[in-house]
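Trainee: Below is one structure. I have some questions about it.
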Amino acid sequence: MTRRAVTIVSSTRAASGIYEDRTGPIIVAWLREHGFAADDATVVPDGPAVTAALEAALASRVDLVVTTGGTGVGPGDMTPDATAKLLTAPLPGFQEELRRRGAASTPTAILSRGLAGVAGHTFVVNLPGSPGGVRDGLGLLGEVVDHVLDQLAGGNHG
């Protein structure tokens with residue numbers, strides 16, 4: 001059975017066409033390379049549209065949702081807040097490790113408020129809005145995603 005994933009880009013400027021999204025295509029390509037059925041990224045402005053996109057993704061019962069952007073401390077950075085409302089089981093260790101790895105090369109990585117966890121039967125991960133942060137996050141995701149999805153499907157600890 002093919003695993004399904006959704007990518008949500010939180011960027012007011014990319015959503016309004018001020019600049020082209022650079023992170024969504026990286027995530028979608030990674031997902032497809034790792035066997036996920038994944039449409040192109042959904043690009044939404046920061047704020048309430050992120051909540052609506054997350055809710056729509058979860059309603060479609062996908063296996064994985066990866067967001068990018070909106071994880072900082074700016075006034076429009078609301079992705080973690082939208083995500084927190086939907087998580088049934090937070091997995092703080094994922095983001096702790098992502099911040100640790102990112103800080104090795106970019107000290108401001110520790111400022112990311114991104115979350116990770118389970119919402120129903122879906123693994124949800126917030127990644128930063130930079131291509132480097134996304135690559136770091138996908139590296140970590142690659143180390144755990146199969147195990148998490150196996151556990152969500154009722155698998156044993158092997």
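Residue names in the structure tokens use chain letters A, B, ... in the order shown, residue numbers from 1 in each chain, and ligand numbers from 1 in the order shown.
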Show me, as a list in words, the residues that have an atom within 12 Å of Asp150 (chain A) when counting only C-alpha atoms, minus same-chain residues fewer than 4 positions from it.
Mentor: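 My list of contacting residues is Arg3, Asp63, Leu64, His121, Thr122, Phe123, Val144, Val145, Asp146, Gly154, Gly155, Asn156, His157 and Gly158 of chain A.
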Trainee: Can you list, as a list of chain:residue names, every protein, DNA or RNA residue that comes within 10 Å of Glu55 (chain A) when you count only C-alpha atoms, leaving out same-chain residues fewer than 4 positions away?
Mentor: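 Within the cut-off, the hits are A:Ala49, A:Val50, A:Thr51, A:Ala59, A:Ser60, A:Ala82, A:Thr83, A:Leu86.
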Trainee: Okay, now the selection with C-alpha atoms, as a tab-separated table (two decimals), in the first residue's frame?
Mentor:
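Result written to part.tsv:
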chain	number	residue	atom	x	y	z
A	49	ALA	CA	-4.72	29.55	6.29
A	50	VAL	CA	-2.13	27.22	7.82
A	51	THR	CA	-4.74	25.82	10.20
A	59	ALA	CA	-9.25	15.06	6.92
A	60	SER	CA	-7.82	13.32	3.85
A	82	ALA	CA	-1.83	25.75	14.44
A	83	THR	CA	-0.12	22.37	14.71
A	86	LEU	CA	-4.26	19.28	16.27
Trainee: Return as a PyMOL selection string the full set of residues in region 4-118 of chain A whose backbone-based DSSP assignment is strand (DSSP E).
Mentor: chain A and resi 4-10+36-38+42-44+64-68+89-90+116-118
Trainee: As a list in words, please: the residues near Asp136 (chain A) (cut-off 10 Å, only C-alpha atoms, same-chain neighbours under 3 positions excluded).
Mentor: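 Once the adjacent positions are removed, what remains is Leu98, Arg99, Arg101, Gly102, Leu127, Pro128, Ser130, Pro131, Gly132, Gly133, Gly139, Leu140 and Leu141 of chain A.
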Trainee: Measure the distance from CA of Asp40 (chain A) to CA of Thr106 (chain A) in Å and round it to one decimal.
Mentor: 28.2 Å
Trainee: What separation in Å, quoted to one decimal, exists between CA of Thr71 (chain A) and CA of Ser112 (chain A)?
Mentor: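 Answer for the CA of Thr71 (chain A) to CA of Ser112 (chain A) separation: 5.4 Å.
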Trainee: Which one is closest to Asp21 (chain A): A:Val43, A:Gly93, A:Gly70, A:Ala153? Count only C-alpha atoms.
Mentor: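 Nearest candidate to Asp21 (chain A) out of A:Val43, A:Gly93, A:Gly70, A:Ala153: A:Val43.
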Trainee: In Å, how far is it from CA of Arg22 (chain A) to CA of Glu97 (chain A)?
Mentor: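 Straight-line distance from CA of Arg22 (chain A) to CA of Glu97 (chain A) works out to 23.4 Å.
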Trainee: Hey, what's within 9 Å of His34 (chain A) if we count only C-alpha atoms and toss same-chain stuff fewer than 4 positions away? As an MDAnalysis selection string, please?
Mentor: chainID A and resid 29:30 142
Trainee: Take the residues just selected and output them with C-alpha atoms as a PDB file, in the first residue's frame.
Mentor:
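Writing the result to result.pdb gives the following:
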ATOM      1  CA  ALA A  29      10.949  15.519  -4.286  1.00  0.00           C
ATOM      2  CA  TRP A  30      12.234  13.872  -1.096  1.00  0.00           C
ATOM      3  CA  GLY A 142      14.474   9.785   6.954  1.00  0.00           C
TER       4      GLY A 142
END
Trainee: Return as number ranges by chain the full set of residues in chain A whose backbone-based DSSP assignment is alpha helix (DSSP H).
Mentor: A: 12-15, 24-33, 48-59, 79-84, 92-103, 131-152
